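J.: What follows is entry.cif; its format and atoms are mmCIF, C-alpha atoms and all ligand atoms.
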data_final
loop_
_atom_site.label_atom_id
_atom_site.label_comp_id
_atom_site.auth_asym_id
_atom_site.auth_seq_id
_atom_site.Cartn_x
_atom_site.Cartn_y
_atom_site.Cartn_z
CA MET W 1 149.57 205.58 174.55
CA SER W 2 151.21 208.77 173.41
CA VAL W 3 154.57 210.32 172.80
CA ILE W 4 156.63 210.71 175.98
CA ILE W 5 158.18 214.12 176.60
CA LYS W 6 161.49 213.50 178.34
CA THR W 7 162.52 215.45 181.44
CA PRO W 8 165.94 217.16 181.60
CA GLU W 9 167.17 214.28 183.80
CA GLN W 10 165.98 211.69 181.28
CA ILE W 11 167.55 213.69 178.44
CA GLU W 12 170.89 213.66 180.22
CA LYS W 13 170.71 209.85 180.48
CA MET W 14 169.74 209.60 176.80
CA ARG W 15 172.80 211.72 175.90
CA ILE W 16 175.00 209.20 177.68
CA ALA W 17 173.31 206.15 176.11
CA GLY W 18 173.46 207.79 172.67
CA ARG W 19 177.15 208.63 172.94
CA LEU W 20 177.94 205.07 174.05
CA ALA W 21 176.02 203.55 171.11
CA GLY W 22 178.02 205.76 168.71
CA GLU W 23 181.24 204.71 170.41
CA VAL W 24 180.54 201.05 169.65
CA LEU W 25 180.42 201.90 165.92
CA THR W 26 183.68 203.86 166.22
CA MET W 27 185.28 200.91 168.03
CA ILE W 28 184.13 198.28 165.50
CA ALA W 29 184.91 200.28 162.33
CA PRO W 30 188.57 199.19 161.97
CA HIS W 31 187.50 195.52 162.29
CA VAL W 32 185.05 195.72 159.38
CA LYS W 33 187.35 194.21 156.75
CA GLU W 34 187.38 191.51 154.09
CA GLY W 35 187.53 188.01 155.69
CA ILE W 36 185.98 188.77 159.10
CA THR W 37 182.60 187.16 159.81
CA THR W 38 179.56 189.03 161.08
CA GLY W 39 179.58 186.55 163.98
CA GLU W 40 183.04 187.80 165.00
CA LEU W 41 181.88 191.43 164.72
CA ASP W 42 178.99 190.56 167.05
CA ARG W 43 181.31 189.01 169.64
CA ILE W 44 183.71 191.98 169.60
CA CYS W 45 180.81 194.43 170.05
CA HIS W 46 179.17 192.29 172.73
CA ASP W 47 182.38 192.07 174.78
CA TYR W 48 183.00 195.82 174.43
CA MET W 49 179.47 196.72 175.51
CA VAL W 50 179.35 194.33 178.44
CA ASN W 51 182.94 194.50 179.72
CA VAL W 52 184.22 197.96 178.74
CA GLN W 53 181.11 200.16 178.61
CA LYS W 54 179.07 198.19 181.13
CA THR W 55 176.09 198.62 178.82
CA ILE W 56 173.44 196.06 177.94
CA PRO W 57 173.17 195.04 174.26
CA ALA W 58 169.46 195.71 173.72
CA PRO W 59 168.93 193.37 170.72
CA LEU W 60 169.95 190.21 172.61
CA ASN W 61 166.76 188.19 173.26
CA TYR W 62 164.65 191.20 172.22
CA GLY W 63 161.17 190.79 170.82
CA ALA W 64 160.34 187.22 171.74
CA ALA W 65 156.67 186.51 171.08
CA PRO W 66 154.55 183.37 170.82
CA GLY W 67 155.86 181.54 167.76
CA ARG W 68 158.81 183.85 167.32
CA PRO W 69 162.21 183.58 169.01
CA GLY W 70 163.86 186.64 170.55
CA PHE W 71 166.68 188.17 168.50
CA PRO W 72 169.61 185.80 169.09
CA LYS W 73 172.60 188.19 168.92
CA SER W 74 173.81 191.50 170.39
CA ILE W 75 173.98 193.58 167.18
CA CYS W 76 172.22 193.55 163.81
CA THR W 77 174.35 193.01 160.69
CA SER W 78 172.47 193.56 157.43
CA LEU W 79 174.40 192.66 154.28
CA ASN W 80 173.59 193.73 150.69
CA ASP W 81 169.93 192.75 150.04
CA VAL W 82 169.19 192.49 153.77
CA VAL W 83 167.04 195.51 154.65
CA CYS W 84 167.34 195.26 158.44
CA HIS W 85 167.58 192.90 161.44
CA GLY W 86 170.22 190.64 159.85
CA ILE W 87 171.52 188.05 162.32
CA PRO W 88 175.30 187.86 162.77
CA SER W 89 176.69 184.49 161.69
CA ASP W 90 180.01 182.67 161.70
CA LYS W 91 179.25 181.58 158.13
CA LYS W 92 178.97 185.12 156.75
CA LYS W 93 182.51 186.17 155.80
CA LEU W 94 182.77 189.72 154.45
CA LYS W 95 184.06 189.95 150.88
CA LYS W 96 185.11 192.74 148.53
CA GLY W 97 182.18 194.85 147.37
CA ASP W 98 179.83 193.89 150.22
CA ALA W 99 177.70 196.65 151.76
CA LEU W 100 177.07 196.08 155.46
CA ASN W 101 174.86 197.92 157.95
CA ILE W 102 175.82 197.54 161.60
CA ASP W 103 173.04 198.56 163.99
CA ILE W 104 173.92 199.08 167.64
CA THR W 105 171.50 199.60 170.51
CA VAL W 106 172.84 199.89 174.06
CA ILE W 107 171.04 200.31 177.36
CA LYS W 108 172.80 202.41 180.01
CA ASP W 109 171.19 203.24 183.34
CA GLY W 110 167.83 202.13 181.91
CA TYR W 111 167.93 204.28 178.76
CA HIS W 112 168.49 203.30 175.12
CA GLY W 113 170.80 204.69 172.43
CA ASP W 114 170.21 203.40 168.87
CA THR W 115 172.37 204.10 165.80
CA SER W 116 173.56 202.39 162.64
CA GLN W 117 175.91 202.99 159.75
CA MET W 118 176.94 201.45 156.44
CA PHE W 119 180.33 200.03 155.56
CA ILE W 120 181.52 199.04 152.09
CA ILE W 121 184.20 196.35 152.02
CA GLY W 122 187.21 197.04 149.78
CA GLU W 123 187.01 199.28 146.74
CA PRO W 124 183.33 200.31 146.44
CA GLN W 125 181.44 199.76 143.22
CA GLU W 126 179.97 203.05 142.07
CA HIS W 127 176.31 201.95 142.24
CA MET W 128 176.73 200.76 145.85
CA GLU W 129 178.58 203.87 146.94
CA ARG W 130 175.83 206.01 145.44
CA LEU W 131 173.07 204.08 147.25
CA VAL W 132 174.95 204.34 150.55
CA ASP W 133 175.70 208.06 150.12
CA VAL W 134 172.16 208.99 149.04
CA THR W 135 170.73 207.04 151.99
CA ARG W 136 172.94 208.98 154.39
CA GLU W 137 171.80 212.24 152.76
CA CYS W 138 168.20 211.06 153.20
CA MET W 139 168.75 210.56 156.93
CA TYR W 140 170.29 214.02 157.30
CA LEU W 141 167.55 215.67 155.24
CA GLY W 142 165.05 214.05 157.60
CA ILE W 143 167.00 215.20 160.66
CA GLN W 144 167.06 218.77 159.33
CA GLN W 145 163.25 218.88 159.47
CA VAL W 146 163.23 218.40 163.24
CA ARG W 147 162.18 221.39 165.36
CA PRO W 148 159.24 222.18 167.66
CA GLY W 149 156.12 222.87 165.60
CA ALA W 150 157.20 220.80 162.61
CA TYR W 151 155.24 217.62 161.83
CA LEU W 152 156.46 214.05 161.91
CA GLY W 153 155.34 213.75 158.28
CA ASP W 154 157.83 216.43 157.26
CA ILE W 155 160.66 214.00 158.02
CA GLY W 156 159.48 211.19 155.76
CA ALA W 157 158.49 213.66 153.06
CA ALA W 158 162.04 215.07 152.89
CA ILE W 159 163.53 211.56 152.89
CA ALA W 160 161.23 210.20 150.17
CA LYS W 161 161.70 213.23 147.92
CA HIS W 162 165.47 212.74 147.86
CA ALA W 163 165.26 208.95 147.48
CA HIS W 164 162.74 209.13 144.64
CA SER W 165 164.62 211.85 142.79
CA ASN W 166 167.55 209.42 142.75
CA HIS W 167 165.27 206.64 141.43
CA TYR W 168 165.42 204.67 144.65
CA SER W 169 162.50 203.38 146.74
CA VAL W 170 161.71 203.80 150.45
CA VAL W 171 160.95 200.81 152.68
CA GLU W 172 157.57 201.17 154.40
CA GLU W 173 157.31 198.03 156.59
CA TYR W 174 159.97 199.21 159.06
CA CYS W 175 160.12 202.65 160.69
CA GLY W 176 161.97 204.88 163.09
CA HIS W 177 160.54 205.04 166.60
CA GLY W 178 160.35 206.90 169.87
CA ILE W 179 163.05 205.73 172.26
CA GLY W 180 163.89 206.14 175.94
CA GLU W 181 163.29 203.64 178.71
CA GLY W 182 161.66 201.60 175.96
CA PHE W 183 163.56 200.38 172.87
CA HIS W 184 160.55 201.06 170.63
CA GLU W 185 158.18 203.74 171.93
CA GLU W 186 155.65 205.93 170.19
CA PRO W 187 155.64 207.55 167.71
CA GLN W 188 156.36 205.53 164.57
CA VAL W 189 158.63 207.57 162.32
CA THR W 190 157.74 206.65 158.76
CA HIS W 191 160.28 207.40 156.06
CA ASN W 192 157.80 207.97 153.24
CA SER W 193 155.12 210.39 154.39
CA ILE W 194 153.29 213.60 153.62
CA ALA W 195 154.55 216.97 154.90
CA GLY W 196 152.27 218.66 157.45
CA THR W 197 150.73 215.38 158.63
CA GLY W 198 151.11 213.34 161.81
CA VAL W 199 152.30 214.23 165.29
CA LYS W 200 153.39 217.82 165.93
CA LEU W 201 156.94 217.84 167.30
CA GLN W 202 157.60 219.20 170.78
CA GLU W 203 160.75 219.98 172.72
CA GLY W 204 161.80 216.91 174.73
CA MET W 205 160.63 214.25 172.27
CA ILE W 206 163.28 211.69 171.34
CA PHE W 207 163.02 209.36 168.35
CA THR W 208 165.15 207.64 165.75
CA ILE W 209 165.35 208.45 162.06
CA GLU W 210 166.55 205.35 160.19
CA PRO W 211 165.60 205.28 156.51
CA MET W 212 166.00 202.02 154.59
CA ILE W 213 166.45 202.88 150.92
CA ASN W 214 166.32 200.25 148.16
CA ALA W 215 168.04 200.30 144.78
CA GLY W 216 165.04 198.49 143.30
CA ARG W 217 161.48 198.02 144.54
CA LYS W 218 160.34 198.94 148.05
CA GLU W 219 158.82 195.59 149.04
CA THR W 220 160.50 193.37 151.62
CA LYS W 221 160.03 189.81 152.78
CA LEU W 222 160.83 188.10 156.04
CA LYS W 223 163.19 185.12 156.02
CA GLY W 224 162.38 181.85 157.77
CA ASP W 225 164.46 182.82 160.82
CA GLY W 226 161.67 185.23 161.75
CA TRP W 227 163.97 188.30 161.79
CA THR W 228 165.97 188.89 158.62
CA ALA W 229 164.14 191.25 156.25
CA VAL W 230 165.35 191.15 152.64
CA THR W 231 164.31 193.02 149.51
CA LYS W 232 161.77 191.04 147.52
CA ASP W 233 163.68 191.70 144.29
CA ARG W 234 167.01 190.84 146.02
CA ARG W 235 168.56 194.14 144.92
CA PRO W 236 170.64 196.02 147.54
CA SER W 237 169.30 198.12 150.41
CA ALA W 238 171.07 200.68 152.60
CA GLN W 239 170.27 202.19 156.01
CA TRP W 240 171.66 204.80 158.40
CA GLU W 241 170.24 205.64 161.84
CA HIS W 242 170.57 208.30 164.50
CA THR W 243 168.70 209.00 167.75
CA ILE W 244 167.39 212.59 167.72
CA LEU W 245 166.25 214.94 170.50
CA VAL W 246 163.83 217.77 169.68
CA THR W 247 165.39 220.87 171.27
CA LYS W 248 164.02 224.38 171.90
CA ASP W 249 164.99 225.56 168.43
CA GLY W 250 165.79 222.44 166.44
CA TYR W 251 167.44 219.12 167.14
CA GLU W 252 170.38 217.43 168.80
CA ILE W 253 171.84 214.19 167.40
CA LEU W 254 172.37 212.10 170.53
CA THR W 255 174.33 209.36 168.72
CA LEU W 256 176.71 211.62 166.80
CA ARG W 257 180.19 210.09 166.58
CA GLU W 258 183.42 211.96 167.22
CA GLY W 259 184.43 213.75 164.01
CA GLU W 260 181.13 212.96 162.24
CA THR W 261 179.88 215.78 160.03
CA SER W 262 176.72 216.15 157.97
CA PRO W 263 177.05 215.49 154.23
CA LEU W 264 174.72 218.46 153.70
CA ALA W 265 176.97 221.01 155.45
N1 LIG Z 301 168.07 198.54 166.22
C1 LIG Z 301 166.90 198.24 165.47
C2 LIG Z 301 166.15 199.53 165.30
O1 LIG Z 301 166.74 200.44 164.84
C3 LIG Z 301 166.03 197.23 166.10
C4 LIG Z 301 166.64 195.90 166.22
S1 LIG Z 301 165.55 194.86 166.99
C5 LIG Z 301 166.39 193.42 166.97
O2 LIG Z 301 165.04 199.73 165.67
F1 LIG Z 301 165.75 192.64 167.75
F2 LIG Z 301 166.48 192.99 165.74
F3 LIG Z 301 167.60 193.65 167.42
CO CO Z 302 165.94 202.11 165.73
CO CO Z 303 168.78 200.49 165.30
#
Translate the structure described by the file into structure tokens.
Ligand code: MF3
Ligand code: CO
Ligand code: CO

T.:
Amino acid sequence: MSVIIKTPEQIEKMRIAGRLAGEVLTMIAPHVKEGITTGELDRICHDYMVNVQKTIPAPLNYGAAPGRPGFPKSICTSLNDVVCHGIPSDKKKLKKGDALNIDITVIKDGYHGDTSQMFIIGEPQEHMERLVDVTRECMYLGIQQVRPGAYLGDIGAAIAKHAHSNHYSVVEEYCGHGIGEGFHEEPQVTHNSIAGTGVKLQEGMIFTIEPMINAGRKETKLKGDGWTAVTKDRRPSAQWEHTILVTKDGYEILTLREGETSPLA
């Protein structure tokens, strides 16, 4: 197995899938308020994907394996100390001060778009806002490394440098990934790596960059549901994700939302 170089026709389909994934986040944003449950957020997103966009929610039933159920919902909702793959629930009502990641993956015409963002409920506490903002900067610093001839390791090196200089840690058990007709393709995009190492980037590669940054220690543990990853020390974790195309002279963010600008600009 190796990294798939997408054709211009495949890239055009990935642009459409990416835009649609971003549009689900834009649609759900005004609903992310104190008192709503993550189960309700899941249903609103599911209905929008299936009925309005005519997309397939990629997480639903994804990843079933012997001894492990497929993911039971259409989006991932990861709250506070949940690192990733949180399962939406009618028991999880959002409250003031919560930090929530919503991760959307749609399939359109056989191609995947994958993106996530953080929301803070109510007036943010300063330590949470800082974790969320630094994590977004980490993602953009990683994205800025992308161009033909750069190395995959350059991305995780830039991310880890910024996280560590802010006294945060970088999750290592979960990574970004190639994406296309498959949800998770090669290569693995690690978020703590060494510059100049790993796969050399080529025009036409498409992968996600999705750093999970912890306020405390980097270790995670898996909950009994087989999906929810939490920080071992139960301190908060933040994550942002975009799907990125390697272009002739740099990158294109396929999941960029309308009006979204880089915090580094
Ligand atoms: N969207 C996640 C990612 O960024 C994967 C979710 S898999 C699921 O790779 F099964 F939990 F939905
Ligand atoms: Co992803
Ligand atoms: Co995702």

J.: Measure the distance from atom CA of Pro8 of chain W to atom CA of Tyr62 of chain W in Å and round it to one decimal.

T.: 27.6 Å

J.: Go ahead and find all residues with at least one atom no further than 10 Å from (177.2, 195.8, 162.2) in the file's coordinates, using all atoms listed in the file; report them as a list in words.

T.: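 Nearby residues: Val24, Leu25, Ile28, Ala29, Val32, Thr38, Gly39, Leu41, Asp42, Cys45, Ser74, Ile75, Cys76, Thr77, Ser78, Leu79, Gly86, Ile87, Pro88, Leu100, Asn101, Ile102, Asp103, Ile104, Ser116, Gln117, Met118 and Phe119 of chain W.
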
J.: Hey, which of W:Gly204, W:Arg234, W:Lys218, W:Ile179 ends up closest to Asp114 of chain W? Count all atoms listed in the file.

T.: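 Of W:Gly204, W:Arg234, W:Lys218, W:Ile179, the one nearest Asp114 of chain W is W:Ile179, counting all atoms listed in the file.
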
J.: For each of W:Asn80, W:Thr37, W:Thr135, W:Asn166, take the minimum atom-to-atom distance to Lys93 of chain W, counting all atoms listed in the file, then give the residue where this is smallest.

T.: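 Comparing W:Asn80, W:Thr37, W:Thr135, W:Asn166 against Lys93 of chain W, the winner is W:Thr37.
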
J.: Name all residues at most 12 Å from Arg19 of chain W (count only C-alpha atoms; drop same-chain ones fewer than 4 positions away) and give them as JSON, numbers by chain.

T.: {"W": [12, 13, 14, 15, 23, 24, 25, 26, 53, 55, 104, 105, 106, 107, 108, 111, 112, 113, 114, 115, 242, 243, 244, 252, 253, 254, 255, 256, 257, 258]}

J.: Export, as a compact mmCIF listing (two decimals), keeping the file's coordinate frame, the selected residues with C-alpha atoms.

T.:
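What ended up in result.txt:
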# COMPACT_ATOMS: atom_id res chain seq x y z
CA GLU W 12 170.89 213.66 180.22
CA LYS W 13 170.71 209.85 180.48
CA MET W 14 169.74 209.60 176.80
CA ARG W 15 172.80 211.72 175.90
CA GLU W 23 181.24 204.71 170.41
CA VAL W 24 180.54 201.05 169.65
CA LEU W 25 180.42 201.90 165.92
CA THR W 26 183.68 203.86 166.22
CA GLN W 53 181.11 200.16 178.61
CA THR W 55 176.09 198.62 178.82
CA ILE W 104 173.92 199.08 167.64
CA THR W 105 171.50 199.60 170.51
CA VAL W 106 172.84 199.89 174.06
CA ILE W 107 171.04 200.31 177.36
CA LYS W 108 172.80 202.41 180.01
CA TYR W 111 167.93 204.28 178.76
CA HIS W 112 168.49 203.30 175.12
CA GLY W 113 170.80 204.69 172.43
CA ASP W 114 170.21 203.40 168.87
CA THR W 115 172.37 204.10 165.80
CA HIS W 242 170.57 208.30 164.50
CA THR W 243 168.70 209.00 167.75
CA ILE W 244 167.39 212.59 167.72
CA GLU W 252 170.38 217.43 168.80
CA ILE W 253 171.84 214.19 167.40
CA LEU W 254 172.37 212.10 170.53
CA THR W 255 174.33 209.36 168.72
CA LEU W 256 176.71 211.62 166.80
CA ARG W 257 180.19 210.09 166.58
CA GLU W 258 183.42 211.96 167.22

J.: Can you tell me how far atom CA of Lys232 of chain W sits from atom CA of Thr220 of chain W, in Å to one decimal?

T.: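 Atom CA of Lys232 of chain W sits 4.9 Å away from atom CA of Thr220 of chain W.
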
J.: Let me make sure I understand: among W:Val199, W:Ala65, W:Ile209, W:Ala160, which one has the smallest atom-to-atom distance to ligand CO 303 (chain Z) if we use only C-alpha atoms and all ligand atoms?

T.: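 Closest to ligand CO 303 (chain Z) of all the choices is W:Ile209.
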
J.: From the set W:Gly196, W:Gly226, W:Pro124, W:Gly67, which residue has the shortest atom-to-atom contact distance to ligand LIG 301 (chain Z), counting all atoms listed in the file?

T.: W:Gly226

J.: Can you tell me which residues surround segment 138-141 of chain W at a distance of at most 8 Å, considering only C-alpha atoms, apart from same-chain residues fewer than 2 positions away, and format the answer as a PyMOL selection string?

T.: chain W and resi 134-136+143-145+155+158-160+162-163+209-211+240-241+262-264

J.: Counting all atoms listed in the file, what is within 9 Å of segment 171-176 of chain W, bar same-chain residues fewer than 6 positions away, as a PyMOL selection string?

T.: chain W and resi 83-84+184+187-192+207-214+217-220+241

J.: Taking all atoms listed in the file into account, which of W:Gln239, W:Thr228, W:Thr247, W:Gln125 comes nearest ligand CO 302 (chain Z)?

T.: W:Gln239

J.: Work out how far apart atom CA of Asp81 of chain W and atom CA of Asp225 of chain W are and give it in Å to one decimal.

T.: 15.6 Å

J.: Which residue, W:Ala99, W:Trp227, W:Glu181, W:Val246, has the smallest gap to Asn61 of chain W when you use only C-alpha atoms?

T.: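 For Asn61 of chain W, the nearest of the given residues is W:Trp227.
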
J.: Draw an axis-aligned box over all listed atoms of ligand LIG 301 (chain Z), pad each side with 3 Å, and write its centre and edge lengths in Å, one decimal, as JSON.

T.:
{"center_x": 166.6, "center_y": 196.5, "center_z": 166.3, "size_x": 9.0, "size_y": 13.8, "size_z": 8.9}

J.: So which residues touch Ile194 of chain W within 8 Å, counting only C-alpha atoms, skipping near sequence neighbours fewer than 6 positions away, as a CSV table (one decimal) with C-alpha atoms, keeping the file's coordinate frame?

T.:
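See part04.csv below for the written result:
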chain,number,residue,atom,x,y,z
W,153,GLY,CA,155.3,213.8,158.3
W,154,ASP,CA,157.8,216.4,157.3
W,156,GLY,CA,159.5,211.2,155.8
W,157,ALA,CA,158.5,213.7,153.1
